[in-house]
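Raw final35.pdb, PDB, C-alpha atoms:
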```pdb
ATOM      1  CA  MET A  21     -66.487 -89.627  80.755  1.00  0.00           C
ATOM      2  CA  GLU A  22     -66.944 -85.905  81.069  1.00  0.00           C
ATOM      3  CA  GLY A  23     -65.498 -86.103  84.601  1.00  0.00           C
ATOM      4  CA  LEU A  24     -62.211 -87.681  83.483  1.00  0.00           C
ATOM      5  CA  GLY A  25     -60.391 -84.348  83.667  1.00  0.00           C
ATOM      6  CA  ALA A  26     -61.318 -83.926  87.322  1.00  0.00           C
ATOM      7  CA  LEU A  27     -60.520 -87.564  88.072  1.00  0.00           C
ATOM      8  CA  LEU A  28     -57.138 -87.432  86.322  1.00  0.00           C
ATOM      9  CA  PRO A  29     -55.999 -83.810  86.831  1.00  0.00           C
ATOM     10  CA  SER A  30     -52.321 -84.680  86.291  1.00  0.00           C
ATOM     11  CA  ALA A  31     -52.995 -86.010  82.760  1.00  0.00           C
ATOM     12  CA  GLN A  32     -50.589 -84.487  80.272  1.00  0.00           C
ATOM     13  CA  SER A  33     -52.566 -85.850  77.344  1.00  0.00           C
ATOM     14  CA  MET A  34     -55.735 -87.866  76.845  1.00  0.00           C
ATOM     15  CA  GLN A  35     -57.110 -89.729  73.843  1.00  0.00           C
ATOM     16  CA  LEU A  36     -60.464 -91.499  73.603  1.00  0.00           C
ATOM     17  CA  LEU A  37     -61.623 -94.184  71.207  1.00  0.00           C
ATOM     18  CA  VAL A  38     -65.349 -94.945  71.073  1.00  0.00           C
ATOM     19  CA  ALA A  39     -66.659 -97.990  69.214  1.00  0.00           C
ATOM     20  CA  PHE A  40     -70.203 -99.227  68.706  1.00  0.00           C
ATOM     21  CA  ARG A  41     -71.374-102.789  68.159  1.00  0.00           C
ATOM     22  CA  ASP A  42     -74.854-104.267  67.658  1.00  0.00           C
ATOM     23  CA  ASP A  43     -75.126-105.102  71.345  1.00  0.00           C
ATOM     24  CA  GLU A  44     -72.565-102.918  73.148  1.00  0.00           C
ATOM     25  CA  GLY A  45     -70.447 -99.813  73.175  1.00  0.00           C
ATOM     26  CA  ALA A  46     -66.748 -99.629  74.050  1.00  0.00           C
ATOM     27  CA  LEU A  47     -64.487 -96.829  75.190  1.00  0.00           C
ATOM     28  CA  GLU A  48     -60.705 -96.821  75.366  1.00  0.00           C
ATOM     29  CA  VAL A  49     -59.058 -94.022  77.343  1.00  0.00           C
ATOM     30  CA  LYS A  50     -55.351 -93.450  76.777  1.00  0.00           C
ATOM     31  CA  VAL A  51     -53.821 -91.112  79.320  1.00  0.00           C
ATOM     32  CA  GLU A  52     -50.272 -89.892  79.673  1.00  0.00           C
ATOM     33  CA  VAL A  53     -49.592 -89.053  83.311  1.00  0.00           C
ATOM     34  CA  PRO A  54     -46.487 -88.688  85.433  1.00  0.00           C
ATOM     35  CA  GLY A  55     -46.300 -91.825  87.554  1.00  0.00           C
ATOM     36  CA  TYR A  56     -49.232 -94.171  87.979  1.00  0.00           C
ATOM     37  CA  PRO A  57     -52.319 -92.536  89.567  1.00  0.00           C
ATOM     38  CA  ARG A  58     -53.414 -95.730  91.331  1.00  0.00           C
ATOM     39  CA  ALA A  59     -56.195 -94.142  93.429  1.00  0.00           C
ATOM     40  CA  ALA A  60     -57.662 -92.289  90.424  1.00  0.00           C
ATOM     41  CA  VAL A  61     -57.636 -95.432  88.273  1.00  0.00           C
ATOM     42  CA  GLN A  62     -59.307 -97.384  91.067  1.00  0.00           C
ATOM     43  CA  ARG A  63     -62.043 -94.713  91.391  1.00  0.00           C
ATOM     44  CA  LEU A  64     -62.535 -94.733  87.617  1.00  0.00           C
ATOM     45  CA  GLY A  65     -62.873 -98.530  87.625  1.00  0.00           C
ATOM     46  CA  GLU A  66     -65.412 -98.370  90.452  1.00  0.00           C
ATOM     47  CA  GLU A  67     -67.485 -95.768  88.557  1.00  0.00           C
ATOM     48  CA  VAL A  68     -67.456 -97.870  85.384  1.00  0.00           C
ATOM     49  CA  ILE A  69     -68.531-101.008  87.238  1.00  0.00           C
ATOM     50  CA  LYS A  70     -71.191 -99.091  89.184  1.00  0.00           C
ATOM     51  CA  SER A  71     -72.656 -97.921  85.868  1.00  0.00           C
ATOM     52  CA  GLY A  72     -72.919-101.529  84.658  1.00  0.00           C
ATOM     53  CA  GLY A  73     -69.812-101.519  82.471  1.00  0.00           C
ATOM     54  CA  SER A  74     -66.614-103.533  82.444  1.00  0.00           C
ATOM     55  CA  PHE A  75     -63.239-101.999  83.266  1.00  0.00           C
ATOM     56  CA  VAL A  76     -59.974-103.411  81.896  1.00  0.00           C
ATOM     57  CA  GLU A  77     -56.522-101.901  82.328  1.00  0.00           C
ATOM     58  CA  LEU A  78     -55.174-102.917  78.931  1.00  0.00           C
ATOM     59  CA  TRP A  79     -51.543-102.339  79.838  1.00  0.00           C
ATOM     60  CA  ARG A  80     -51.817-105.165  82.394  1.00  0.00           C
ATOM     61  CA  LEU A  81     -52.729-107.726  79.700  1.00  0.00           C
ATOM     62  CA  PRO A  82     -50.166-109.638  77.640  1.00  0.00           C
ATOM     63  CA  LYS A  83     -49.720-107.962  74.251  1.00  0.00           C
ATOM     64  CA  ALA A  84     -51.465-110.727  72.278  1.00  0.00           C
ATOM     65  CA  GLU A  85     -54.481-110.634  74.588  1.00  0.00           C
ATOM     66  CA  ARG A  86     -54.555-106.829  74.543  1.00  0.00           C
ATOM     67  CA  ASP A  87     -54.390-106.742  70.732  1.00  0.00           C
ATOM     68  CA  ALA A  88     -57.184-109.347  70.448  1.00  0.00           C
ATOM     69  CA  LEU A  89     -59.415-107.387  72.836  1.00  0.00           C
ATOM     70  CA  ARG A  90     -58.830-104.163  70.921  1.00  0.00           C
ATOM     71  CA  ALA A  91     -59.561-105.879  67.597  1.00  0.00           C
ATOM     72  CA  ARG A  92     -62.761-107.427  68.979  1.00  0.00           C
ATOM     73  CA  THR A  93     -64.163-104.364  70.733  1.00  0.00           C
ATOM     74  CA  LEU A  94     -62.560-101.209  69.327  1.00  0.00           C
ATOM     75  CA  ALA A  95     -61.961-101.852  65.612  1.00  0.00           C
ATOM     76  CA  GLY A  96     -63.517 -99.149  63.465  1.00  0.00           C
ATOM     77  CA  GLY A  97     -63.995 -96.832  66.433  1.00  0.00           C
ATOM     78  CA  THR A  98     -63.974 -93.045  66.358  1.00  0.00           C
ATOM     79  CA  ALA A  99     -61.049 -91.191  67.933  1.00  0.00           C
ATOM     80  CA  PHE A 100     -61.550 -88.110  70.099  1.00  0.00           C
ATOM     81  CA  THR A 101     -59.100 -85.857  71.877  1.00  0.00           C
ATOM     82  CA  GLY A 102     -59.351 -85.283  75.599  1.00  0.00           C
ATOM     83  CA  GLU A 103     -60.947 -81.907  74.905  1.00  0.00           C
ATOM     84  CA  GLU A 104     -63.734 -83.652  72.976  1.00  0.00           C
ATOM     85  CA  ARG A 105     -64.905 -85.705  75.980  1.00  0.00           C
ATOM     86  CA  ALA A 106     -68.391 -84.170  75.965  1.00  0.00           C
ATOM     87  CA  GLN A 107     -68.946 -85.087  72.306  1.00  0.00           C
ATOM     88  CA  ALA A 108     -67.595 -88.625  72.833  1.00  0.00           C
ATOM     89  CA  ALA A 109     -69.813 -89.034  75.900  1.00  0.00           C
ATOM     90  CA  GLN A 110     -72.871 -87.848  73.995  1.00  0.00           C
ATOM     91  CA  GLU A 111     -72.298 -90.297  71.131  1.00  0.00           C
ATOM     92  CA  LEU A 112     -71.687 -93.203  73.504  1.00  0.00           C
ATOM     93  CA  ARG A 113     -74.744 -92.279  75.608  1.00  0.00           C
ATOM     94  CA  GLN A 114     -76.980 -92.116  72.518  1.00  0.00           C
ATOM     95  CA  HIS A 115     -75.799 -95.536  71.376  1.00  0.00           C
ATOM     96  CA  LEU A 116     -76.333 -97.124  74.795  1.00  0.00           C
ATOM     97  CA  GLU A 117     -79.774 -95.531  75.152  1.00  0.00           C
ATOM     98  CA  ALA A 118     -80.742 -96.877  71.729  1.00  0.00           C
ATOM     99  CA  LEU A 119     -79.577-100.354  72.789  1.00  0.00           C
ATOM    100  CA  ALA A 120     -81.600-100.144  75.991  1.00  0.00           C
ATOM    101  CA  ALA A 121     -84.709 -98.988  74.114  1.00  0.00           C
ATOM    102  CA  ARG A 122     -84.361-101.792  71.567  1.00  0.00           C
ATOM    103  CA  GLY A 123     -84.010-104.545  74.141  1.00  0.00           C
ATOM    104  CA  PRO A 124     -81.913-107.699  73.840  1.00  0.00           C
ATOM    105  CA  LEU A 125     -81.018-109.164  70.465  1.00  0.00           C
ATOM    106  CA  PRO A 126     -82.540-112.535  69.578  1.00  0.00           C
ATOM    107  CA  PRO A 127     -80.160-115.469  70.031  1.00  0.00           C
ATOM    108  CA  ALA A 128     -77.911-116.177  67.071  1.00  0.00           C
ATOM    109  CA  PRO A 129     -78.926-119.258  65.044  1.00  0.00           C
ATOM    110  CA  LEU A 130     -76.786-122.325  65.646  1.00  0.00           C
TER     111      LEU A 130
END
```
Would you mind writing the file out in structure tokens?
Amino acid sequence: MEGLGALLPSAQSMQLLVAFRDDEGALEVKVEVPGYPRAAVQRLGEEVIKSGGSFVELWRLPKAERDALRARTLAGGTAFTGEERAQAAQELRQHLEALAARGPLPPAPL
């Protein structure tokens, strides 16, 4: 996350939304850029997947699906500006480390 500025140097603005759940963490990155930086987005997606995460370009989803995904994963999240990337990264890292230390949750009762 802290490398987003270098990855997207043409960004005119950047907003982050970090949300925590019992078994995951989610990050939404909103970037205003001139044109579509296809190569940069592809590199970002590869980095996310390499780290074990999932990468979704929300703008490619139909609005209803996009809204449902946001409601499911990002509701109640904390907003950060692009300049606050280090703080957002630290909070997300701490949450994910705590999840890893705790181990998997027991299965939900049927």
Report task. Quick one: apply the PyMOL selection byres ((chain A and resi 34) around 8) to the file and drop the selected residues here as JSON, numbers by chain. Result -> {"A": [31, 32, 33, 35, 36, 49, 50, 51, 52, 101, 102]}
**Report entry** Result set of the PyMOL selection byres ((chain A and resi 108) around 12) on the coordinates above, as a ChimeraX atom specification
**Finding:** /A:21-22,24,35-40,45-49,97-107,109-115
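Note that atom CA of A:Gly96 and atom CA of A:Gly73 are 20.2 Å apart.
What separates atom CA of A:Leu119 from atom CA of A:Gln62 is a distance of 27.5 Å.
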Report task. Give me, please, the distance in Å between atom CA of A:Leu27 and atom CA of A:Pro54, quoted to one decimal. Result -> 14.3 Å
Query raised in the report: For A:Val61, which residue out of A:Ala95, A:Leu28, A:Leu130, A:Ser74 is the nearest one, using only C-alpha atoms?
Result: A:Leu28
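Shortest atom-to-atom contact with A:Pro127 among A:Ala60, A:Ala91, A:Asp43, A:Arg80: A:Asp43, counting all atoms listed in the file.
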Taking all listed atoms of stretch 110-126 of chain A, build the axis-aligned box, pad each of the six sides by 5 Å, then write its centre and edge lengths in Å to one decimal as lines of an AutoDock Vina configuration file.
```
center_x = -78.2
center_y = -100.2
center_z = 72.8
size_x = 23.0
size_y = 34.7
size_z = 16.4
```
Report task. Take the PyMOL selection byres ((chain A and resi 89) around 12), apply it to the structure above, and return the hits as a PyMOL selection string. Result -> chain A and resi 46-48+76-79+81-88+90-95
Could you rebuild stretch 84-101 of chain A with N, CA and C atoms and give it back as an mmCIF file, keeping the file's coordinate frame?
```
data_model
loop_
_atom_site.group_PDB
_atom_site.id
_atom_site.type_symbol
_atom_site.label_atom_id
_atom_site.label_comp_id
_atom_site.auth_asym_id
_atom_site.auth_seq_id
_atom_site.Cartn_x
_atom_site.Cartn_y
_atom_site.Cartn_z
ATOM 1 N N ALA A 84 -50.564 -109.988 73.178
ATOM 2 C CA ALA A 84 -51.465 -110.727 72.278
ATOM 3 C C ALA A 84 -52.912 -110.626 72.749
ATOM 4 N N GLU A 85 -53.123 -110.733 74.040
ATOM 5 C CA GLU A 85 -54.481 -110.634 74.588
ATOM 6 C C GLU A 85 -55.029 -109.211 74.444
ATOM 7 N N ARG A 86 -54.171 -108.237 74.683
ATOM 8 C CA ARG A 86 -54.555 -106.829 74.543
ATOM 9 C C ARG A 86 -54.928 -106.524 73.093
ATOM 10 N N ASP A 87 -54.111 -106.981 72.153
ATOM 11 C CA ASP A 87 -54.390 -106.742 70.732
ATOM 12 C C ASP A 87 -55.697 -107.413 70.303
ATOM 13 N N ALA A 88 -55.951 -108.634 70.796
ATOM 14 C CA ALA A 88 -57.184 -109.347 70.448
ATOM 15 C C ALA A 88 -58.402 -108.618 71.014
ATOM 16 N N LEU A 89 -58.305 -108.124 72.236
ATOM 17 C CA LEU A 89 -59.415 -107.387 72.836
ATOM 18 C C LEU A 89 -59.694 -106.107 72.066
ATOM 19 N N ARG A 90 -58.648 -105.395 71.711
ATOM 20 C CA ARG A 90 -58.830 -104.163 70.921
ATOM 21 C C ARG A 90 -59.476 -104.473 69.573
ATOM 22 N N ALA A 91 -59.007 -105.520 68.908
ATOM 23 C CA ALA A 91 -59.561 -105.879 67.597
ATOM 24 C C ALA A 91 -61.032 -106.263 67.715
ATOM 25 N N ARG A 92 -61.388 -106.955 68.779
ATOM 26 C CA ARG A 92 -62.761 -107.427 68.979
ATOM 27 C C ARG A 92 -63.713 -106.300 69.380
ATOM 28 N N THR A 93 -63.239 -105.360 70.176
ATOM 29 C CA THR A 93 -64.163 -104.364 70.733
ATOM 30 C C THR A 93 -63.996 -102.955 70.188
ATOM 31 N N LEU A 94 -62.820 -102.609 69.683
ATOM 32 C CA LEU A 94 -62.560 -101.209 69.327
ATOM 33 C C LEU A 94 -62.314 -100.969 67.837
ATOM 34 N N ALA A 95 -62.232 -102.017 67.045
ATOM 35 C CA ALA A 95 -61.961 -101.852 65.612
ATOM 36 C C ALA A 95 -63.025 -100.964 64.967
ATOM 37 N N GLY A 96 -62.587 -100.038 64.162
ATOM 38 C CA GLY A 96 -63.517 -99.149 63.465
ATOM 39 C C GLY A 96 -64.068 -98.041 64.339
ATOM 40 N N GLY A 97 -63.506 -97.861 65.522
ATOM 41 C CA GLY A 97 -63.995 -96.832 66.433
ATOM 42 C C GLY A 97 -63.634 -95.423 65.979
ATOM 43 N N THR A 98 -64.214 -94.453 66.654
ATOM 44 C CA THR A 98 -63.974 -93.045 66.358
ATOM 45 C C THR A 98 -63.062 -92.465 67.426
ATOM 46 N N ALA A 99 -62.006 -91.787 67.005
ATOM 47 C CA ALA A 99 -61.049 -91.191 67.933
ATOM 48 C C ALA A 99 -61.497 -89.781 68.318
ATOM 49 N N PHE A 100 -61.273 -89.442 69.569
ATOM 50 C CA PHE A 100 -61.550 -88.110 70.099
ATOM 51 C C PHE A 100 -60.359 -87.674 70.933
ATOM 52 N N THR A 101 -60.128 -86.378 70.985
ATOM 53 C CA THR A 101 -59.100 -85.857 71.877
ATOM 54 C C THR A 101 -59.702 -85.713 73.266
#
```
